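Visitor: Supplied structure: upload-v3.cif, mmCIF, C-alpha atoms.
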data_query
loop_
_atom_site.label_atom_id
_atom_site.label_comp_id
_atom_site.auth_asym_id
_atom_site.auth_seq_id
_atom_site.Cartn_x
_atom_site.Cartn_y
_atom_site.Cartn_z
CA MET H 1 25.62 -44.38 -6.92
CA LYS H 2 22.23 -44.70 -5.26
CA LYS H 3 22.35 -41.02 -4.32
CA THR H 4 23.08 -40.06 -7.93
CA LEU H 5 20.27 -42.19 -9.25
CA PHE H 6 17.91 -40.76 -6.66
CA GLY H 7 18.83 -37.20 -7.68
CA LEU H 8 18.32 -37.95 -11.38
CA SER H 9 15.02 -39.64 -10.63
CA ALA H 10 13.82 -36.63 -8.62
CA ILE H 11 14.72 -34.25 -11.44
CA ALA H 12 12.89 -36.46 -13.92
CA VAL H 13 9.83 -36.55 -11.69
CA CYS H 14 9.80 -32.77 -11.34
CA LEU H 15 10.28 -32.18 -15.08
CA SER H 16 7.47 -34.61 -15.84
CA ALA H 17 5.23 -32.80 -13.38
CA TYR H 18 6.08 -29.48 -15.00
CA ILE H 19 5.22 -30.73 -18.49
CA THR H 20 2.03 -32.38 -17.32
CA SER H 21 0.93 -29.24 -15.48
CA ALA H 22 1.81 -26.91 -18.34
CA GLN H 23 -0.65 -28.77 -20.53
CA GLY H 24 -3.50 -27.94 -18.16
CA SER H 25 -5.02 -24.62 -17.12
CA ALA H 26 -3.61 -24.59 -13.58
CA ALA H 27 -0.21 -23.13 -12.73
CA SER H 28 2.65 -25.60 -12.64
CA PRO H 29 4.55 -26.15 -9.36
CA TYR H 30 7.53 -24.32 -10.87
CA GLU H 31 5.60 -21.40 -12.30
CA SER H 32 3.64 -20.62 -9.14
CA PRO H 33 6.69 -19.72 -6.96
CA ALA H 34 7.17 -16.60 -9.10
CA TYR H 35 3.85 -15.30 -7.78
CA ILE H 36 5.54 -14.71 -4.42
CA MET H 37 7.06 -11.64 -6.09
CA ALA H 38 3.70 -9.96 -5.39
CA LEU H 39 4.45 -9.83 -1.64
CA PRO H 40 6.48 -6.55 -1.68
CA HIS H 41 3.52 -4.77 -3.31
CA ILE H 42 1.11 -6.21 -0.74
CA ASN H 43 3.60 -5.12 1.92
CA ARG H 44 3.08 -1.49 0.83
CA LEU H 45 -0.73 -1.54 1.03
CA PRO H 46 -1.05 -0.73 4.78
CA VAL H 47 0.98 2.47 4.34
CA LYS H 48 -0.83 3.41 1.13
CA GLY H 49 -4.15 3.09 2.95
CA VAL H 50 -3.04 5.29 5.87
CA ARG H 51 -1.50 7.81 3.46
CA ALA H 52 -4.74 8.13 1.48
CA TYR H 53 -6.66 8.67 4.73
CA LEU H 54 -4.19 11.29 6.03
CA ASP H 55 -4.30 13.22 2.74
CA ASP H 56 -8.05 13.72 3.21
CA HIS H 57 -7.75 14.41 6.94
CA LEU H 58 -5.00 17.02 6.53
CA GLN H 59 -6.79 18.71 3.65
CA GLN H 60 -9.84 19.13 5.86
CA LEU H 61 -7.70 20.50 8.72
CA HIS H 62 -6.07 22.96 6.33
CA ASN H 63 -9.49 24.44 5.57
CA ASN H 64 -10.36 24.85 9.27
CA ASP H 65 -9.54 27.62 11.73
CA HIS H 66 -6.03 27.22 13.16
CA VAL H 67 -6.44 27.99 16.85
CA GLN H 68 -3.20 27.61 18.78
CA GLY H 69 -3.48 25.04 21.57
CA ASN H 70 -6.31 23.02 19.98
CA THR H 71 -6.05 19.25 20.30
CA GLY H 72 -7.73 16.94 17.83
CA ILE H 73 -8.68 13.27 17.99
CA PHE H 74 -9.70 11.34 14.91
CA GLY H 75 -10.52 7.88 13.68
CA GLY H 76 -11.33 6.36 10.34
CA TYR H 77 -11.70 3.38 8.07
CA THR H 78 -10.08 2.68 4.70
CA HIS H 79 -10.98 -0.09 2.29
CA ASN H 80 -8.67 -0.90 -0.61
CA GLY H 81 -9.51 -4.57 -0.92
CA HIS H 82 -8.41 -4.88 2.72
CA HIS H 83 -9.63 -3.43 6.02
CA ILE H 84 -7.62 -0.59 7.59
CA PHE H 85 -8.58 1.18 10.83
CA THR H 86 -6.78 4.35 11.88
CA LEU H 87 -6.69 6.26 15.18
CA GLY H 88 -4.70 9.41 15.86
CA SER H 89 -4.34 12.77 17.50
CA ASP H 90 -2.84 16.13 16.56
CA TYR H 91 -1.97 19.39 18.30
CA GLN H 92 -1.99 22.94 16.91
CA LEU H 93 1.43 24.04 18.11
CA THR H 94 1.17 27.52 16.58
CA ASP H 95 -1.38 29.19 14.34
CA LYS H 96 0.73 27.96 11.40
CA LEU H 97 2.04 24.55 12.52
CA LEU H 98 0.17 21.37 13.48
CA LEU H 99 1.87 18.15 14.67
CA GLY H 100 0.30 14.72 14.98
CA ALA H 101 0.70 10.96 15.18
CA ALA H 102 -1.47 8.01 14.17
CA TYR H 103 -1.66 4.24 14.49
CA SER H 104 -3.28 1.97 11.94
CA HIS H 105 -4.23 -1.71 11.92
CA PHE H 106 -4.46 -3.60 8.63
CA ARG H 107 -6.10 -6.95 7.97
CA GLY H 108 -6.66 -8.73 4.69
CA GLU H 109 -7.15 -12.05 2.95
CA ARG H 110 -7.17 -12.37 -0.82
CA ASP H 111 -6.77 -14.76 -3.74
CA LEU H 112 -4.56 -13.64 -6.63
CA PHE H 113 -3.68 -14.95 -10.08
CA SER H 114 -6.91 -16.97 -10.45
CA SER H 115 -6.40 -18.37 -6.92
CA ALA H 116 -2.89 -19.63 -7.72
CA LEU H 117 -1.73 -17.56 -4.72
CA SER H 118 -3.68 -16.69 -1.60
CA TYR H 119 -2.53 -14.90 1.53
CA SER H 120 -3.66 -13.81 4.95
CA ALA H 121 -1.87 -10.77 6.36
CA SER H 122 -2.02 -8.25 9.18
CA ALA H 123 0.00 -5.10 9.83
CA HIS H 124 0.69 -2.39 12.38
CA THR H 125 1.56 1.05 10.99
CA PHE H 126 2.88 4.06 12.91
CA VAL H 127 2.86 7.56 11.42
CA THR H 128 4.05 10.99 12.53
CA TYR H 129 3.03 14.01 10.49
CA ALA H 130 2.99 17.80 10.31
CA LEU H 131 0.89 20.43 8.55
CA TRP H 132 2.40 23.86 7.97
CA ASN H 133 0.23 26.70 6.68
CA ILE H 134 2.97 28.74 5.07
CA TYR H 135 0.83 31.70 4.04
CA ASP H 136 -2.91 32.28 4.01
CA ASN H 137 -3.37 30.06 0.96
CA ALA H 138 -0.18 27.95 0.75
CA TRP H 139 0.44 24.82 2.81
CA LEU H 140 2.91 21.99 3.21
CA SER H 141 2.30 18.60 4.84
CA GLY H 142 4.59 15.67 5.43
CA ASP H 143 4.65 12.32 7.21
CA LEU H 144 7.09 9.62 8.25
CA HIS H 145 5.78 6.09 8.49
CA TYR H 146 6.82 2.59 9.52
CA SER H 147 4.84 -0.60 9.03
CA ARG H 148 5.40 -4.16 10.24
CA VAL H 149 3.52 -6.78 8.20
CA SER H 150 2.91 -10.43 9.12
CA PHE H 151 2.03 -12.81 6.32
CA ASP H 152 0.38 -15.44 8.51
CA SER H 153 -0.20 -17.66 5.50
CA THR H 154 0.93 -17.68 1.87
CA THR H 155 -0.50 -20.57 -0.13
CA ARG H 156 0.50 -21.57 -3.65
CA ARG H 157 -1.96 -23.78 -5.56
CA PHE H 158 -0.96 -25.74 -8.62
CA GLU H 159 -1.55 -28.95 -10.56
CA PHE H 160 0.82 -31.83 -9.82
CA PHE H 161 0.43 -35.02 -11.90
CA GLY H 162 -3.17 -34.09 -12.63
CA ASN H 163 -4.05 -33.46 -8.97
CA ASP H 164 -4.70 -30.17 -7.22
CA SER H 165 -1.85 -29.51 -4.79
CA LYS H 166 -0.63 -26.68 -2.59
CA GLU H 167 2.31 -25.48 -0.54
CA THR H 168 1.91 -23.12 2.41
CA GLY H 169 4.39 -20.92 4.26
CA SER H 170 4.59 -17.74 6.32
CA THR H 171 6.88 -14.73 6.55
CA SER H 172 7.01 -11.07 7.57
CA GLY H 173 7.98 -7.73 6.12
CA GLN H 174 8.73 -4.10 6.95
CA HIS H 175 7.99 -0.88 5.14
CA TRP H 176 9.19 2.64 5.90
CA GLY H 177 9.34 5.97 4.12
CA LEU H 178 8.16 9.56 3.86
CA HIS H 179 5.51 11.51 1.99
CA VAL H 180 5.39 15.29 1.28
CA THR H 181 2.55 17.34 -0.23
CA VAL H 182 2.49 21.01 -1.28
CA GLY H 183 -0.61 22.97 -2.29
CA TRP H 184 -1.77 26.51 -2.95
CA ASP H 185 -5.45 27.38 -2.66
CA ILE H 186 -6.76 29.71 -5.37
CA PRO H 187 -10.20 31.23 -4.63
CA ILE H 188 -12.52 31.27 -7.64
CA THR H 189 -15.66 32.46 -5.89
CA SER H 190 -16.73 32.57 -2.25
CA ALA H 191 -18.02 28.99 -2.67
CA ILE H 192 -15.32 27.43 -4.87
CA SER H 193 -11.53 27.22 -4.67
CA THR H 194 -8.96 25.21 -6.59
CA SER H 195 -5.40 24.12 -5.95
CA PRO H 196 -2.46 22.47 -7.71
CA ILE H 197 -1.07 19.40 -5.93
CA ILE H 198 2.62 18.45 -5.84
CA GLN H 199 3.70 15.33 -3.98
CA TYR H 200 6.84 13.31 -3.42
CA SER H 201 7.03 9.88 -1.76
CA TRP H 202 10.04 7.74 -0.89
CA ASP H 203 9.43 4.16 0.22
CA LYS H 204 11.46 1.08 1.04
CA SER H 205 10.08 -2.43 1.55
CA HIS H 206 11.71 -5.61 2.78
CA ILE H 207 10.24 -9.14 2.77
CA ASN H 208 12.07 -11.77 4.78
CA GLY H 209 13.01 -14.92 2.91
CA TYR H 210 11.32 -18.12 4.06
CA ARG H 211 11.09 -21.87 3.45
CA GLU H 212 7.92 -23.82 2.83
CA PRO H 213 7.95 -26.47 5.59
CA ASN H 214 7.12 -29.58 3.55
CA TYR H 215 10.19 -31.37 2.25
CA SER H 216 8.82 -32.42 -1.14
CA PRO H 217 9.55 -32.02 -4.86
CA THR H 218 7.24 -28.99 -4.97
CA SER H 219 8.27 -27.13 -1.79
CA VAL H 220 10.81 -24.34 -2.21
CA SER H 221 12.67 -21.61 -0.34
CA PHE H 222 12.46 -17.92 -1.22
CA SER H 223 15.16 -15.30 -0.85
CA ASP H 224 14.72 -11.91 0.82
CA GLN H 225 12.96 -9.36 -1.36
CA ASN H 226 13.81 -5.65 -1.30
CA TYR H 227 11.99 -2.88 -3.08
CA LYS H 228 12.59 0.88 -3.21
CA SER H 229 10.53 3.51 -4.97
CA GLN H 230 10.32 7.26 -5.43
CA VAL H 231 7.03 8.63 -6.73
CA GLY H 232 6.42 12.15 -7.99
CA THR H 233 2.86 13.42 -8.34
CA LEU H 234 1.22 16.35 -10.09
CA GLY H 235 -2.48 17.01 -9.73
CA TRP H 236 -5.33 19.44 -9.38
CA ARG H 237 -8.10 19.71 -6.80
CA VAL H 238 -11.40 21.62 -6.65
CA ASP H 239 -13.08 22.35 -3.30
CA THR H 240 -16.48 23.79 -2.50
CA HIS H 241 -17.38 25.84 0.57
CA LEU H 242 -21.16 25.54 0.80
CA GLY H 243 -21.75 25.10 4.51
CA HIS H 244 -22.34 21.84 6.32
CA PHE H 245 -21.55 19.57 3.33
CA ASN H 246 -18.77 20.44 0.89
CA PRO H 247 -18.02 18.18 -2.11
CA TYR H 248 -14.54 18.10 -3.65
CA ALA H 249 -12.76 16.37 -6.53
CA SER H 250 -9.16 15.84 -7.62
CA VAL H 251 -7.10 14.30 -10.41
CA GLN H 252 -3.50 13.17 -9.88
CA ILE H 253 -0.85 11.79 -12.23
CA HIS H 254 1.87 9.67 -10.63
CA HIS H 255 5.29 8.66 -11.96
CA GLN H 256 7.59 6.21 -10.20
CA PHE H 257 11.34 6.58 -10.25
CA GLY H 258 13.82 4.03 -8.94
CA ASP H 259 13.23 0.27 -9.04
CA ASN H 260 11.08 -0.85 -11.96
CA HIS H 261 12.10 -4.52 -11.78
CA ALA H 262 11.83 -7.12 -9.04
CA ASN H 263 14.09 -10.14 -8.52
CA LEU H 264 13.66 -13.33 -6.51
CA ARG H 265 15.85 -16.38 -5.96
CA ILE H 266 13.96 -19.65 -5.58
CA THR H 267 15.63 -22.79 -4.20
CA SER H 268 14.40 -26.37 -4.21
CA ASP H 269 16.03 -28.04 -1.21
CA TYR H 270 14.70 -31.37 -2.45
CA LEU H 271 16.60 -31.01 -5.73
CA GLY H 272 19.44 -28.84 -4.48
CA GLN H 273 18.77 -26.42 -7.35
CA SER H 274 18.30 -22.62 -7.39
CA PHE H 275 17.10 -20.25 -10.06
CA ASP H 276 16.46 -16.51 -10.35
CA VAL H 277 13.21 -14.91 -11.48
CA ASN H 278 12.85 -11.37 -12.83
CA SER H 279 9.49 -9.62 -12.92
CA GLY H 280 10.12 -7.72 -16.13
CA LYS H 281 9.41 -4.00 -16.19
CA LEU H 282 6.79 -2.87 -13.68
CA ASP H 283 4.23 -0.13 -14.30
CA THR H 284 5.64 3.32 -13.55
CA ASP H 285 2.81 5.70 -14.54
CA TRP H 286 -0.77 5.79 -13.32
CA ARG H 287 -3.68 8.13 -12.71
CA GLN H 288 -5.87 8.67 -9.67
CA TYR H 289 -9.37 10.17 -9.64
CA THR H 290 -11.00 11.17 -6.34
CA LEU H 291 -14.50 12.31 -5.36
CA GLY H 292 -15.35 13.20 -1.77
CA VAL H 293 -17.32 15.32 0.64
CA THR H 294 -16.45 16.96 3.95
CA ALA H 295 -19.06 17.52 6.63
CA LYS H 296 -19.25 20.09 9.43
CA PHE H 297 -21.75 19.07 12.05
CA PRO H 298 -23.93 21.56 14.01
CA SER H 299 -21.53 21.17 16.90
CA LYS H 300 -18.50 22.85 15.29
CA LYS H 301 -16.15 20.64 17.28
CA TRP H 302 -17.14 17.60 15.17
CA GLN H 303 -16.49 17.03 11.48
CA GLY H 304 -16.10 14.18 9.04
CA PHE H 305 -15.33 13.22 5.47
CA ALA H 306 -15.94 10.45 2.95
CA SER H 307 -14.09 9.85 -0.31
CA ILE H 308 -13.55 7.28 -3.03
CA SER H 309 -10.50 7.12 -5.32
CA ARG H 310 -9.94 5.15 -8.50
CA ASN H 311 -6.45 4.19 -9.74
CA GLU H 312 -5.84 3.42 -13.41
CA GLY H 313 -2.69 2.35 -15.25
CA SER H 314 -0.77 0.30 -12.69
CA ALA H 315 -1.18 -3.33 -11.69
CA GLN H 316 0.80 -2.61 -8.50
CA GLU H 317 -1.73 -0.07 -7.17
CA PRO H 318 -5.07 -0.93 -5.52
CA ASP H 319 -7.97 -0.39 -7.92
CA TYR H 320 -9.69 1.91 -5.45
CA ASN H 321 -9.60 3.46 -1.97
CA VAL H 322 -12.66 4.25 0.13
CA ASN H 323 -12.05 6.52 3.14
CA LEU H 324 -14.38 7.43 6.00
CA GLY H 325 -13.21 9.77 8.75
CA LEU H 326 -14.53 11.45 11.89
CA SER H 327 -12.71 13.94 14.13
CA THR H 328 -13.24 16.34 17.00
CA THR H 329 -11.24 19.18 18.56
CA PHE H 330 -11.08 20.55 22.09
#
Would you write the structure of this file as structure tokens?
Guide:
Amino acid sequence: MKKTLFGLSAIAVCLSAYITSAQGSAASPYESPAYIMALPHINRLPVKGVRAYLDDHLQQLHNNDHVQGNTGIFGGYTHNGHHIFTLGSDYQLTDKLLLGAAYSHFRGERDLFSSALSYSASAHTFVTYALWNIYDNAWLSGDLHYSRVSFDSTTRRFEFFGNDSKETGSTSGQHWGLHVTVGWDIPITSAISTSPIIQYSWDKSHINGYREPNYSPTSVSFSDQNYKSQVGTLGWRVDTHLGHFNPYASVQIHHQFGDNHANLRITSDYLGQSFDVNSGKLDTDWRQYTLGVTAKFPSKKWQGFASISRNEGSAQEPDYNVNLGLSTTF
């Protein structure tokens, strides 16, 4: 009898807290758990940063001389709201085929949903890639990637009986997939060329379920989250060939196939109750605009690039990417 009364009292307390919180501007303790559905998209950011960097790096290599036996070393920085550092090396196996590998470290801390959710995360990403110059002007590049992400802290903030409260937990995730790009350079003049861009990406993310450690009316457990996507891309790029500094620009249109909904099961151990949350339809079409410049230094063994990209049309994509890269060959 006492147990039954206790359970009913706990439910009444939680419902009262929900109603009280809903009247204010802060998230309620039972609305804020749904924000954890953002983690699979954060889980993809380390790979997206490395992929954006490699696209610029491989495009620059494509425009270089392809001397069999050359070895390259490169490093770079990407900012997409987080800090991503990349180091790698590649080898010109034949005059047509280049093979390489890279490692990237990701670190980021952000507040989302008007600070209703904050997180601190780090990641290690490993990539292998190839660039194949099919003919003089046609080329194909591809990469395989794996990322391990640690969410050192995920903090939900909400209003509970008129007081600011929070619940904190931690978890981890994995991300793996592949990315393929095809292009064909079309010379316009000796100083300008253009190229169509066709890309395909397949990605799979997994977030481990976890329990917030406090045993309280507002602490909950989250189920595993899985997310798969296939993205097709069509675009166009213009390159200049002016000498030491060569500006370029591109426009890309992306469409996502596969999962366009996300699901999460949330459990209150305190109440012994579970409920499912669905994200609703996610954005599946967006545009990307890029401006950049490549640099060839007086010592022809050294070169670099800088670029900035803007994404529009998808809440799941970073608003922008900034890439800086430096490489040498020997």
Visitor: Could you spell out the hits of the PyMOL selection byres ((chain H and resi 77) around 7) on the shown file, as a list of chain:residue names?
Guide: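 For this structure, the PyMOL selection byres ((chain H and resi 77) around 7) captures H:Gly76, H:Thr78, H:His79, H:Ile84, H:Phe85, H:Thr86, H:Asn323, H:Leu324, H:Gly325.
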Visitor: For each of H:Leu242, H:Ile266, H:Ala130, H:Val322, take the minimum atom-to-atom distance to Leu61 of chain H, counting all atoms listed in the file, then give the residue where this is smallest.
Guide: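 Looking at the shortest contact to Leu61 of chain H, the residue is H:Ala130.
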Visitor: Any idea what's packed within 8 Å of segment 245-258 of chain H, counting all atoms listed in the file, ignoring anything in its chain fewer than 6 positions away? Could you give it as a PyMOL selection string?
Guide: chain H and resi 197+228-239+284-296
Visitor: Using all atoms listed in the file, which protein or nucleic acid residues come within 8 Å of Pro40 of chain H? Drop anything in the same chain fewer than 2 positions from it, and give the result as a list in words.
Guide: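 So, after excluding close chain neighbours, the residues are Met37, Ala38, Ile42, Asn43, Arg44, Ser205, His206, Ile207, Gln225, Asn226 and Tyr227 of chain H.
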Visitor: Please write the residues from the selection above to a file, keeping C-alpha atoms, as a compact mmCIF listing (two decimals), in the coordinates of the input.
Guide:
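What follows is the written file out-v1.txt:
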# COMPACT_ATOMS: atom_id res chain seq x y z
CA MET H 37 7.06 -11.64 -6.09
CA ALA H 38 3.70 -9.96 -5.39
CA ILE H 42 1.11 -6.21 -0.74
CA ASN H 43 3.60 -5.12 1.92
CA ARG H 44 3.08 -1.49 0.83
CA SER H 205 10.08 -2.43 1.55
CA HIS H 206 11.71 -5.61 2.78
CA ILE H 207 10.24 -9.14 2.77
CA GLN H 225 12.96 -9.36 -1.36
CA ASN H 226 13.81 -5.65 -1.30
CA TYR H 227 11.99 -2.88 -3.08
Visitor: Residues near segment 118-121 of chain H, anyone? I mean within 8 Å using only C-alpha atoms, not counting same-chain ones fewer than 4 positions away, as a PyMOL selection string.
Guide: chain H and resi 106-112+149-156
Visitor: Keeping C-alpha atoms for every residue in the selection just given, could you write it to a file as a PDB file, in the frame of the given file?
Guide:
ATOM      1  CA  PHE H 106      -4.460  -3.600   8.630  1.00  0.00           C
ATOM      2  CA  ARG H 107      -6.100  -6.950   7.970  1.00  0.00           C
ATOM      3  CA  GLY H 108      -6.660  -8.730   4.690  1.00  0.00           C
ATOM      4  CA  GLU H 109      -7.150 -12.050   2.950  1.00  0.00           C
ATOM      5  CA  ARG H 110      -7.170 -12.370  -0.820  1.00  0.00           C
ATOM      6  CA  ASP H 111      -6.770 -14.760  -3.740  1.00  0.00           C
ATOM      7  CA  LEU H 112      -4.560 -13.640  -6.630  1.00  0.00           C
ATOM      8  CA  VAL H 149       3.520  -6.780   8.200  1.00  0.00           C
ATOM      9  CA  SER H 150       2.910 -10.430   9.120  1.00  0.00           C
ATOM     10  CA  PHE H 151       2.030 -12.810   6.320  1.00  0.00           C
ATOM     11  CA  ASP H 152       0.380 -15.440   8.510  1.00  0.00           C
ATOM     12  CA  SER H 153      -0.200 -17.660   5.500  1.00  0.00           C
ATOM     13  CA  THR H 154       0.930 -17.680   1.870  1.00  0.00           C
ATOM     14  CA  THR H 155      -0.500 -20.570  -0.130  1.00  0.00           C
ATOM     15  CA  ARG H 156       0.500 -21.570  -3.650  1.00  0.00           C
TER      16      ARG H 156
END
Visitor: So that I can check the surroundings of Asp319 of chain H, please list as a ChimeraX atom specification every protein, DNA and RNA residue that reaches within 8 Å of it, counting all atoms listed in the file and ignoring chain neighbours fewer than 6 positions away.
Guide: /H:80,310-312
Visitor: When distances are computed from only C-alpha atoms, which of H:Ser279, H:Thr128, H:Asn321, H:Thr328 shows the smallest separation from Ala52 of chain H?
Guide: H:Asn321
Visitor: Given the file shown, determine the residues that the PyMOL selection byres ((chain H and resi 74) around 10) selects; report them as an NGL selection string.
Guide: :H and (57 or 72-73 or 75-76 or 86-90 or 102 or 302-304 or 325-329)
Visitor: So, with all atoms listed in the file as the atoms that count, which of H:Ala138, H:Ser307, H:Phe126, H:Phe222 lies closest to Val277 of chain H?
Guide: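 Closest candidate: H:Phe222.
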Visitor: Go through H:Val127, H:Val220, H:Val180, H:Ile192 one by one, measure the shortest atom-to-atom distance of each to Ile36 of chain H using only C-alpha atoms, and give the residue with the smallest value.
Guide: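 Using only C-alpha atoms, Ile36 of chain H sits closest to H:Val220.
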Visitor: Carefully work through the PyMOL selection byres ((chain H and resi 125) around 8) for this structure and note down the residues it includes, as a ChimeraX atom specification.
Guide: /H:46-47,103-106,123-124,126-127,145-148
Visitor: Have a look at atom CA of His244 of chain H and atom CA of Phe297 of chain H and let me know their distance in Å, one decimal.
Guide: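 Those two atoms sit 6.4 Å apart.
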Visitor: Please supply segment 180-196 of chain H, rebuilt with N, CA, C and O atoms, as a short mmCIF file (atom, residue, chain, number, x, y, z; two decimals), in the coordinates of the input.
Guide:
data_model
loop_
_atom_site.label_atom_id
_atom_site.label_comp_id
_atom_site.auth_asym_id
_atom_site.auth_seq_id
_atom_site.Cartn_x
_atom_site.Cartn_y
_atom_site.Cartn_z
N VAL H 180 5.48 13.83 1.17
CA VAL H 180 5.39 15.29 1.28
C VAL H 180 4.40 15.80 0.24
O VAL H 180 4.40 15.36 -0.91
N THR H 181 3.54 16.74 0.67
CA THR H 181 2.55 17.34 -0.23
C THR H 181 2.60 18.86 -0.11
O THR H 181 2.71 19.40 1.01
N VAL H 182 2.53 19.55 -1.25
CA VAL H 182 2.49 21.01 -1.28
C VAL H 182 1.27 21.44 -2.08
O VAL H 182 0.96 20.85 -3.13
N GLY H 183 0.56 22.44 -1.58
CA GLY H 183 -0.61 22.97 -2.29
C GLY H 183 -0.74 24.47 -2.12
O GLY H 183 -0.13 25.07 -1.22
N TRP H 184 -1.51 25.07 -3.01
CA TRP H 184 -1.77 26.51 -2.95
C TRP H 184 -3.22 26.75 -3.35
O TRP H 184 -3.59 26.54 -4.49
N ASP H 185 -4.03 27.16 -2.39
CA ASP H 185 -5.45 27.38 -2.66
C ASP H 185 -5.66 28.67 -3.45
O ASP H 185 -5.13 29.72 -3.08
N ILE H 186 -6.45 28.56 -4.51
CA ILE H 186 -6.76 29.71 -5.37
C ILE H 186 -8.27 29.93 -5.33
O ILE H 186 -9.03 29.12 -5.88
N PRO H 187 -8.75 30.99 -4.67
CA PRO H 187 -10.20 31.23 -4.63
C PRO H 187 -10.73 31.59 -6.01
O PRO H 187 -10.15 32.40 -6.73
N ILE H 188 -11.83 30.94 -6.39
CA ILE H 188 -12.52 31.27 -7.64
C ILE H 188 -13.73 32.15 -7.35
O ILE H 188 -13.90 33.22 -7.93
N THR H 189 -14.55 31.68 -6.43
CA THR H 189 -15.66 32.46 -5.89
C THR H 189 -15.66 32.23 -4.38
O THR H 189 -14.81 31.52 -3.85
N SER H 190 -16.64 32.79 -3.70
CA SER H 190 -16.73 32.57 -2.25
C SER H 190 -17.06 31.11 -1.93
O SER H 190 -16.83 30.65 -0.81
N ALA H 191 -17.59 30.37 -2.91
CA ALA H 191 -18.02 28.99 -2.67
C ALA H 191 -17.12 27.96 -3.33
O ALA H 191 -17.27 26.76 -3.08
N ILE H 192 -16.16 28.38 -4.14
CA ILE H 192 -15.32 27.43 -4.87
C ILE H 192 -13.86 27.89 -4.83
O ILE H 192 -13.56 29.07 -5.01
N SER H 193 -12.97 26.95 -4.57
CA SER H 193 -11.53 27.22 -4.67
C SER H 193 -10.87 26.04 -5.38
O SER H 193 -11.43 24.94 -5.45
N THR H 194 -9.70 26.27 -5.89
CA THR H 194 -8.96 25.21 -6.59
C THR H 194 -7.50 25.27 -6.16
O THR H 194 -7.04 26.28 -5.61
N SER H 195 -6.78 24.17 -6.41
CA SER H 195 -5.40 24.12 -5.95
C SER H 195 -4.60 23.13 -6.77
O SER H 195 -5.07 22.01 -7.04
N PRO H 196 -3.38 23.48 -7.17
CA PRO H 196 -2.46 22.47 -7.71
C PRO H 196 -1.97 21.59 -6.58
O PRO H 196 -1.94 21.99 -5.41
#
